[in-house]
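Colleague: If it helps, the file is called start-v4.cif and holds mmCIF, C-alpha atoms:
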data_structure
loop_
_atom_site.label_atom_id
_atom_site.label_comp_id
_atom_site.auth_asym_id
_atom_site.auth_seq_id
_atom_site.Cartn_x
_atom_site.Cartn_y
_atom_site.Cartn_z
CA MET P 27 0.00 0.00 0.00
CA ASP P 28 1.12 3.47 -0.76
CA GLN P 29 2.54 5.13 2.34
CA GLN P 30 0.52 8.29 1.70
CA LYS P 31 -2.72 6.30 1.79
CA VAL P 32 -1.63 4.72 5.07
CA VAL P 33 -0.98 8.14 6.52
CA VAL P 34 -4.40 9.38 5.41
CA ILE P 35 -6.12 6.35 6.98
CA LEU P 36 -4.24 6.84 10.23
CA LEU P 37 -5.24 10.49 10.35
CA LEU P 38 -8.87 9.55 9.73
CA ILE P 39 -8.68 7.06 12.59
CA THR P 40 -7.21 9.78 14.79
CA ILE P 41 -10.03 12.15 13.93
CA ILE P 42 -12.67 9.52 14.65
CA LEU P 43 -11.11 8.61 17.97
CA SER P 44 -10.93 12.27 18.92
CA ILE P 45 -14.59 12.80 18.09
CA PHE P 46 -15.59 9.84 20.32
CA SER P 47 -13.44 11.23 23.08
CA VAL P 48 -15.10 14.62 22.84
CA ILE P 49 -18.58 13.04 22.88
CA ILE P 50 -17.80 11.02 26.01
CA THR P 51 -16.34 14.02 27.74
CA ILE P 52 -19.39 16.16 27.01
CA GLY P 53 -21.81 13.36 27.94
CA GLY P 54 -20.16 12.84 31.27
CA GLY P 55 -20.11 16.51 32.01
CA ASP P 56 -23.04 16.30 34.41
CA ILE P 57 -21.00 14.15 36.71
CA ILE P 58 -18.72 16.97 37.59
CA LYS P 59 -21.30 19.72 37.62
CA THR P 60 -22.22 21.10 41.00
CA ARG P 61 -25.95 21.46 41.55
CA THR P 62 -27.44 24.06 43.80
CA VAL P 63 -29.56 22.90 46.71
CA THR P 64 -33.12 24.13 46.41
CA GLN P 65 -35.11 24.60 49.57
CA LYS P 66 -38.53 26.14 49.25
CA GLU P 67 -41.08 26.94 51.89
CA THR P 68 -44.64 27.18 50.76
CA LEU P 69 -47.24 28.36 53.22
CA THR P 70 -50.82 27.45 52.52
CA THR P 71 -53.38 29.09 54.71
CA ASN P 72 -56.74 27.46 54.63
CA GLY P 73 -59.60 29.36 56.11
CA PRO P 74 -61.38 31.05 57.58
CA GLN P 75 -63.75 28.32 58.59
CA ALA P 76 -67.14 28.88 60.11
CA GLY P 77 -69.61 27.31 62.49
CA ASN P 78 -73.23 28.31 62.91
CA VAL P 79 -75.58 28.75 65.84
CA ASN P 80 -79.29 28.80 65.09
CA LEU P 81 -82.49 29.01 67.05
CA VAL P 82 -85.97 30.39 66.62
CA ILE P 83 -87.75 32.34 69.30
CA ALA P 84 -91.42 31.57 69.01
CA LYS P 85 -94.36 33.35 70.47
CA PRO P 86 -95.51 31.71 73.66
CA SER P 87 -98.50 29.50 73.02
CA GLY P 88 -100.23 30.78 76.13
CA GLY P 89 -99.84 33.24 78.95
CA ALA P 90 -98.38 36.70 78.87
CA PRO P 91 -95.78 37.46 76.13
CA MET T 209 14.07 10.39 6.32
CA LYS T 210 11.59 11.06 3.67
CA LEU T 211 8.75 13.43 4.38
CA THR T 212 6.26 10.63 3.86
CA SER T 213 7.96 8.49 6.46
CA LEU T 214 7.95 11.37 8.91
CA LEU T 215 4.21 11.87 8.35
CA MET T 216 3.73 8.14 8.92
CA VAL T 217 5.45 8.35 12.32
CA VAL T 218 3.46 11.45 13.28
CA ALA T 219 0.19 9.76 12.28
CA VAL T 220 0.96 6.62 14.27
CA VAL T 221 1.80 8.70 17.34
CA ALA T 222 -1.47 10.65 16.90
CA VAL T 223 -3.48 7.46 16.69
CA VAL T 224 -1.83 6.07 19.83
CA ILE T 225 -2.46 9.28 21.79
CA SER T 226 -6.11 9.48 20.69
CA ALA T 227 -6.68 5.82 21.55
CA VAL T 228 -5.21 6.26 25.01
CA ASN T 229 -7.29 9.38 25.60
CA LEU T 230 -10.47 7.63 24.47
CA ILE T 231 -9.86 4.64 26.73
CA ASN T 232 -9.16 6.96 29.62
CA ASN T 233 -12.40 8.87 29.08
CA ILE T 234 -14.44 5.69 28.87
CA ALA T 235 -12.93 4.44 32.12
CA ILE T 236 -13.72 7.71 33.88
CA SER T 237 -17.31 7.80 32.67
CA GLN T 238 -17.91 4.28 33.97
CA THR T 239 -16.34 4.69 37.37
CA GLY T 240 -17.45 8.24 38.04
CA ARG T 241 -15.50 11.25 38.99
CA ALA T 242 -14.93 12.77 42.29
CA SER T 243 -17.82 15.21 42.57
CA GLU T 244 -20.18 16.89 45.00
CA GLY T 245 -23.58 15.30 45.62
CA ASN T 246 -26.47 17.63 46.32
CA VAL T 247 -30.04 17.02 47.48
CA SER T 248 -32.80 19.13 46.07
CA LEU T 249 -36.00 19.25 48.10
CA GLU T 250 -39.00 21.39 48.82
CA VAL T 251 -40.42 21.81 52.30
CA PHE T 252 -44.13 22.56 52.38
CA GLU T 253 -45.89 23.97 55.40
CA ARG T 254 -49.63 23.82 55.66
CA ILE T 255 -52.09 25.64 57.85
CA GLU T 256 -55.51 24.09 57.73
CA ILE T 257 -58.35 24.15 60.22
CA ASN T 258 -61.72 22.52 59.99
CA PHE T 259 -64.92 22.48 62.00
CA THR T 260 -65.75 18.80 62.46
CA ARG T 261 -68.99 19.94 64.17
CA ASN T 262 -70.10 23.17 62.62
CA ILE T 263 -73.71 23.68 63.61
CA ILE T 264 -75.70 24.08 66.78
CA ASN T 265 -79.43 24.26 66.22
CA TRP T 266 -81.75 24.64 69.17
CA SER T 267 -84.67 24.78 66.75
CA THR T 268 -87.87 26.51 67.86
CA GLY T 269 -88.97 27.35 71.37
CA ASN T 270 -89.79 30.14 73.72
CA VAL T 271 -89.09 31.41 77.18
CA ASP T 272 -91.37 30.10 79.87
CA PRO T 273 -93.93 32.94 80.02
CA ALA T 274 -93.81 32.86 83.79
CA GLN T 275 -90.07 33.53 83.81
CA PRO T 276 -88.00 36.56 82.74
CA TRP T 277 -85.48 34.57 80.75
CA ALA T 278 -84.50 31.13 79.46
CA TYR T 279 -81.01 29.65 79.55
CA LEU T 280 -79.72 27.11 77.03
CA SER T 281 -76.23 25.70 76.74
CA THR T 282 -74.48 23.06 74.69
CA LYS T 283 -73.64 21.33 77.95
CA GLY T 284 -77.20 20.12 78.01
CA VAL T 285 -78.43 22.70 80.49
CA ASN T 286 -81.91 24.08 79.86
CA ILE T 287 -83.66 26.40 82.25
CA ASN T 288 -87.09 27.95 81.68
CA ASN T 289 -87.02 26.37 78.25
CA ILE T 290 -90.25 25.68 76.45
CA SER T 291 -89.61 23.27 73.55
CA TRP T 292 -86.14 24.28 72.36
CA ASN T 293 -84.07 21.19 71.57
CA ASN T 294 -81.54 19.95 74.06
CA GLN T 295 -77.93 20.36 72.88
CA THR T 296 -75.10 18.47 74.52
CA ARG T 297 -72.24 19.13 72.10
CA GLY T 298 -70.53 22.34 71.10
CA LEU T 299 -68.70 23.31 67.96
CA VAL T 300 -65.54 21.27 67.40
CA ILE T 301 -62.56 22.55 65.48
CA GLU T 302 -59.46 20.61 64.50
CA SER T 303 -56.12 21.60 63.07
CA LEU T 304 -54.82 19.67 60.07
CA SER T 305 -51.76 21.86 59.88
CA THR T 306 -48.14 20.81 59.77
CA LEU T 307 -47.08 23.30 62.40
CA ASN T 308 -48.43 24.83 65.58
CA ILE T 309 -50.84 27.70 65.14
CA THR T 310 -52.65 30.45 66.98
CA LEU T 311 -56.39 30.01 66.68
CA ASN T 312 -58.79 32.96 66.73
CA LEU T 313 -62.56 33.12 66.79
CA ALA T 314 -64.93 35.91 65.86
CA SER T 315 -68.69 36.04 65.76
CA SER T 316 -70.76 37.76 63.11
CA LYS T 317 -73.01 39.15 65.86
CA ASP T 318 -72.91 39.83 69.55
CA ALA T 319 -75.83 39.19 71.94
CA LEU T 320 -77.44 42.52 71.17
CA ASN T 321 -77.68 41.82 67.45
CA PHE T 322 -78.04 38.04 67.63
CA LEU T 323 -80.81 37.76 70.21
CA ASP T 324 -82.12 41.20 71.08
CA GLY T 325 -82.65 42.48 67.56
CA GLY T 326 -80.45 45.50 68.09
CA THR T 327 -82.38 46.88 71.05
CA PHE T 328 -81.06 45.89 74.42
CA GLN T 329 -83.27 43.36 76.17
CA GLY T 330 -80.66 41.85 78.46
CA SER T 331 -79.99 38.63 76.51
CA GLN T 332 -76.58 37.03 76.71
CA PHE T 333 -74.54 35.11 74.14
CA LEU T 334 -71.65 33.20 75.70
CA TRP T 335 -68.87 30.81 74.77
CA GLU T 336 -66.14 28.84 76.44
CA VAL T 337 -63.44 26.52 75.14
CA ASN T 338 -62.16 23.19 76.39
CA GLN T 339 -59.87 20.39 75.32
CA ASP T 340 -61.49 17.75 77.50
CA PRO T 341 -61.62 14.33 75.85
CA VAL T 342 -64.23 13.00 78.23
CA THR T 343 -67.50 14.30 79.50
CA THR T 344 -67.01 16.82 82.24
CA ASP T 345 -69.57 18.92 84.00
CA TYR T 346 -72.45 18.48 81.56
CA GLY T 347 -72.29 17.54 77.91
CA ASN T 348 -69.78 15.64 75.83
CA GLY T 349 -66.05 16.17 75.85
CA ASP T 350 -65.21 16.53 72.19
CA GLY T 351 -61.78 18.04 72.66
CA GLU T 352 -58.45 16.27 72.80
CA SER T 353 -56.19 16.82 75.76
CA GLY T 354 -52.84 18.37 74.94
CA THR T 355 -54.21 20.19 71.92
CA CYS T 356 -53.56 23.65 73.32
CA ALA T 357 -50.14 24.06 74.86
CA ALA T 358 -50.71 27.67 75.87
CA GLY T 359 -53.36 30.34 76.05
CA LEU T 360 -56.56 28.30 76.12
CA ALA T 361 -59.36 30.84 76.73
CA PRO T 362 -62.01 31.49 77.70
CA ILE T 363 -62.26 28.48 79.97
CA SER T 364 -65.37 29.83 81.67
CA TRP T 365 -68.39 31.49 80.11
CA ALA T 366 -67.53 34.79 78.46
CA SER T 367 -69.48 37.12 76.20
CA VAL T 368 -69.12 36.36 72.51
CA THR T 369 -67.46 39.18 70.60
CA THR T 370 -67.36 40.24 67.01
CA THR T 371 -63.70 41.16 67.28
CA PRO T 372 -61.28 38.21 66.88
CA THR T 373 -60.51 36.49 70.15
CA THR T 374 -57.54 34.18 70.57
CA ILE T 375 -58.84 30.92 72.02
CA CYS T 376 -55.49 29.13 71.86
CA SER T 377 -52.12 30.73 71.33
CA ASN T 378 -50.32 27.45 70.66
CA MET T 379 -52.50 24.78 69.10
CA GLY T 380 -50.83 21.54 68.09
CA PHE T 381 -51.49 19.25 65.17
CA ALA T 382 -50.78 15.74 66.44
CA ALA T 383 -53.41 13.28 65.29
CA ASN T 384 -54.68 12.64 68.82
CA ALA T 385 -54.19 16.18 70.12
CA ASN T 386 -55.58 18.62 67.59
CA GLU T 387 -59.20 19.28 68.55
CA LEU T 388 -60.89 21.92 70.68
CA GLU T 389 -64.53 22.16 71.65
CA ILE T 390 -66.33 25.49 71.74
CA ASP T 391 -69.39 25.38 73.95
CA ILE T 392 -72.13 27.93 73.42
CA ALA T 393 -74.74 29.27 75.81
CA VAL T 394 -77.56 31.75 75.38
CA ASN T 395 -79.56 33.56 77.99
CA ILE T 396 -82.67 34.72 76.22
CA SER T 397 -84.72 37.54 77.59
CA ARG T 398 -88.47 37.01 77.55
CA THR T 399 -88.75 40.36 75.80
CA ALA T 400 -86.36 39.44 72.99
CA PRO T 401 -88.05 39.74 69.59
CA THR T 402 -89.39 36.53 68.12
CA GLY T 403 -88.17 35.00 64.86
CA PRO T 404 -85.19 33.06 63.54
CA LYS T 405 -81.82 33.84 65.07
CA ASN T 406 -78.65 32.97 63.20
CA VAL T 407 -75.03 33.72 63.87
CA THR T 408 -71.79 32.60 62.27
CA ILE T 409 -68.62 31.99 64.24
CA THR T 410 -65.50 32.24 62.16
CA ALA T 411 -62.17 30.66 63.01
CA THR T 412 -58.85 31.81 61.62
CA ALA T 413 -55.43 30.28 62.10
CA VAL T 414 -52.12 32.06 62.17
CA LYS T 415 -48.65 30.56 62.00
CA ILE T 416 -46.79 31.00 65.24
#
For the structure just supplied, provide its representation as structure tokens.
Modeller:
Amino acid sequence: MDQQKVVVILLLITIILSIFSVIITIGGGDIIKTRTVTQKETLTTNGPQAGNVNLVIAKPSGGAP
Amino acid sequence: MKLTSLLMVVAVVAVVISAVNLINNIAISQTGRASEGNVSLEVFERIEINFTRNIINWSTGNVDPAQPWAYLSTKGVNINNISWNNQTRGLVIESLSTLNITLNLASSKDALNFLDGGTFQGSQFLWEVNQDPVTTDYGNGDGESGTCAAGLAPISWASVTTTPTTICSNMGFAANANELEIDIAVNISRTAPTGPKNVTITATAVKI
């Protein structure tokens, strides 16, 4: 085989290997990222609530009012 | 050395370096890197109150005509009562919160406007609060002991007010210690105007 062709093939292999290396490095990037802790406080106030008091005052059925 | 041979050597070296770098990256991605682990979370707080008994209805009756007044209470006490229903249980309010609260009550009307129709007749509208789990005095104990750690009031009959009144300044939320009973009493003047009488008692909770 012509030496120049061999050189070209080797360079192509180098390029391919480099591309894979870059992909793996980017894909694994999350592993070294530092995430920020999120702490939220949500206050839900339910109310007001109500109770009822009912009665009826009737007229006396007999006797003085 | 010919230029072609030199390029050949350079290419071989480049391939070797790239291969080693690739293998190294694969190994790192499989075993992990030294990194910081972080926990993301949200903490929710909830304030929720609920009347588990929200109505007291004495129905229809009148003051014994031979007496100046009639007294009714949710402790089952009835004096000079002609045909109003007996009531042995008060309003019951529970906290379903996730933290201790201050509980306030306010009435839509006081005695003057609830019973006397706006013109003073001497009627009284009273409340008191307890956390008794068993029947005490008269009536049922619908509260849960330990519910109110501080500031339980009023613990004896007091006039109902339209301005908010703190009935417990530190109300808990434990499943077996989160209920208070609000007993109600009325002292109805014989001269109070007849007709239906309705009042709403509103509870509000505030985070301590």
Colleague: Could you work out how far CA of Val224 in chain T lies from CA of Ile50 in chain P, giving the answer in Å with one decimal?
Modeller: 17.8 Å
Colleague: Calculate how many Å separate CA of Pro86 in chain P from CA of Ile396 in chain T, rounding to one decimal.
Modeller: 13.4 Å
Colleague: Measuring between only C-alpha atoms, which one of T:Phe381, T:Phe333, T:Phe322, T:Phe252 shows the shortest distance to chain P?
Modeller: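 Among the listed residues, the smallest separation from chain P belongs to T:Phe252.
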Colleague: As an exercise, work out the distance from CA of Ala314 in chain T to CA of Val82 in chain P in Å and give it to one decimal place.
Modeller: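 It comes out at 21.8 Å.
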Colleague: Please provide as a PyMOL selection string all residues within 10 Å of range 29-42 of chain P, with the sequence filter that same-chain residues fewer than 5 positions apart are discarded (counting all atoms listed in the file).
Modeller: (chain P and resi 47-48) or (chain T and resi 212-227)
Colleague: Output C-alpha atoms of each residue in that selection to a file, as a short mmCIF file (atom, residue, chain, number, x, y, z; two decimals), in the frame of the given file.
Modeller:
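Below you can see again38.cif, which holds the result:
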data_model
loop_
_atom_site.label_atom_id
_atom_site.label_comp_id
_atom_site.auth_asym_id
_atom_site.auth_seq_id
_atom_site.Cartn_x
_atom_site.Cartn_y
_atom_site.Cartn_z
CA SER P 47 -13.44 11.23 23.08
CA VAL P 48 -15.10 14.62 22.84
CA THR T 212 6.26 10.63 3.86
CA SER T 213 7.96 8.49 6.46
CA LEU T 214 7.95 11.37 8.91
CA LEU T 215 4.21 11.87 8.35
CA MET T 216 3.73 8.14 8.92
CA VAL T 217 5.45 8.35 12.32
CA VAL T 218 3.46 11.45 13.28
CA ALA T 219 0.19 9.76 12.28
CA VAL T 220 0.96 6.62 14.27
CA VAL T 221 1.80 8.70 17.34
CA ALA T 222 -1.47 10.65 16.90
CA VAL T 223 -3.48 7.46 16.69
CA VAL T 224 -1.83 6.07 19.83
CA ILE T 225 -2.46 9.28 21.79
CA SER T 226 -6.11 9.48 20.69
CA ALA T 227 -6.68 5.82 21.55
#
Colleague: Considering only C-alpha atoms, state which residue in the set T:Ala278, T:Ala413, T:Leu360, T:Ala319 is at the smallest distance from Ser397 in chain T.
Modeller: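 When distances to Ser397 in chain T are compared using only C-alpha atoms, the smallest one comes from T:Ala278.
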Colleague: Could you give me, as JSON lines, every chain T residue with an atom at most 6 Å from chain P, plus its closest atom pair and distance in Å to one decimal, counting all atoms listed in the file, rows ordered by chain then number?
Modeller:
{"residue": "T:Met216", "atom": "CA", "partner": "P:Val33", "partner_atom": "CA", "distance": 5.3}
{"residue": "T:Ala219", "atom": "CA", "partner": "P:Leu36", "partner_atom": "CA", "distance": 5.7}
{"residue": "T:Val223", "atom": "CA", "partner": "P:Thr40", "partner_atom": "CA", "distance": 4.8}
{"residue": "T:Ser226", "atom": "CA", "partner": "P:Leu43", "partner_atom": "CA", "distance": 5.8}
{"residue": "T:Leu230", "atom": "CA", "partner": "P:Ser47", "partner_atom": "CA", "distance": 4.9}
{"residue": "T:Ser237", "atom": "CA", "partner": "P:Gly54", "partner_atom": "CA", "distance": 6.0}
{"residue": "T:Ser243", "atom": "CA", "partner": "P:Ile58", "partner_atom": "CA", "distance": 5.4}
{"residue": "T:Val247", "atom": "CA", "partner": "P:Val63", "partner_atom": "CA", "distance": 5.9}
{"residue": "T:Ser248", "atom": "CA", "partner": "P:Val63", "partner_atom": "CA", "distance": 5.0}
{"residue": "T:Leu249", "atom": "CA", "partner": "P:Gln65", "partner_atom": "CA", "distance": 5.6}
{"residue": "T:Glu250", "atom": "CA", "partner": "P:Lys66", "partner_atom": "CA", "distance": 4.8}
{"residue": "T:Val251", "atom": "CA", "partner": "P:Glu67", "partner_atom": "CA", "distance": 5.2}
{"residue": "T:Phe252", "atom": "CA", "partner": "P:Thr68", "partner_atom": "CA", "distance": 4.9}
{"residue": "T:Glu253", "atom": "CA", "partner": "P:Leu69", "partner_atom": "CA", "distance": 5.1}
{"residue": "T:Arg254", "atom": "CA", "partner": "P:Thr70", "partner_atom": "CA", "distance": 4.9}
{"residue": "T:Ile255", "atom": "CA", "partner": "P:Thr71", "partner_atom": "CA", "distance": 4.8}
{"residue": "T:Glu256", "atom": "CA", "partner": "P:Asn72", "partner_atom": "CA", "distance": 4.7}
{"residue": "T:Asn262", "atom": "CA", "partner": "P:Gly77", "partner_atom": "CA", "distance": 4.2}
{"residue": "T:Ile263", "atom": "CA", "partner": "P:Asn78", "partner_atom": "CA", "distance": 4.7}
{"residue": "T:Ile264", "atom": "CA", "partner": "P:Val79", "partner_atom": "CA", "distance": 4.8}
{"residue": "T:Asn265", "atom": "CA", "partner": "P:Asn80", "partner_atom": "CA", "distance": 4.7}
{"residue": "T:Trp266", "atom": "CA", "partner": "P:Leu81", "partner_atom": "CA", "distance": 4.9}
{"residue": "T:Ser267", "atom": "CA", "partner": "P:Leu81", "partner_atom": "CA", "distance": 4.8}
{"residue": "T:Thr268", "atom": "CA", "partner": "P:Val82", "partner_atom": "CA", "distance": 4.5}
{"residue": "T:Gly269", "atom": "CA", "partner": "P:Ala84", "partner_atom": "CA", "distance": 5.4}
{"residue": "T:Asn270", "atom": "CA", "partner": "P:Ala84", "partner_atom": "CA", "distance": 5.2}
{"residue": "T:Pro273", "atom": "CA", "partner": "P:Ala90", "partner_atom": "CA", "distance": 5.9}
{"residue": "T:Thr402", "atom": "CA", "partner": "P:Ile83", "partner_atom": "CA", "distance": 4.7}
{"residue": "T:Gly403", "atom": "CA", "partner": "P:Ile83", "partner_atom": "CA", "distance": 5.2}
{"residue": "T:Pro404", "atom": "CA", "partner": "P:Val82", "partner_atom": "CA", "distance": 4.2}
{"residue": "T:Lys405", "atom": "CA", "partner": "P:Leu81", "partner_atom": "CA", "distance": 5.3}
{"residue": "T:Asn406", "atom": "CA", "partner": "P:Asn80", "partner_atom": "CA", "distance": 4.6}
{"residue": "T:Val407", "atom": "CA", "partner": "P:Val79", "partner_atom": "CA", "distance": 5.4}
{"residue": "T:Thr408", "atom": "CA", "partner": "P:Asn78", "partner_atom": "CA", "distance": 4.6}
{"residue": "T:Ile409", "atom": "CA", "partner": "P:Gly77", "partner_atom": "CA", "distance": 5.1}
{"residue": "T:Thr410", "atom": "CA", "partner": "P:Ala76", "partner_atom": "CA", "distance": 4.3}
{"residue": "T:Ala411", "atom": "CA", "partner": "P:Gln75", "partner_atom": "CA", "distance": 5.2}
{"residue": "T:Thr412", "atom": "CA", "partner": "P:Pro74", "partner_atom": "CA", "distance": 4.8}
Colleague: If you apply the PyMOL selection byres ((chain T and resi 363) around 7) to this file, what residues do you get, as a list in words?
Modeller: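 Evaluating the PyMOL selection byres ((chain T and resi 363) around 7) on this file yields Glu336, Val337, Asn338, Leu360, Ala361, Pro362, Ser364 and Trp365 of chain T.
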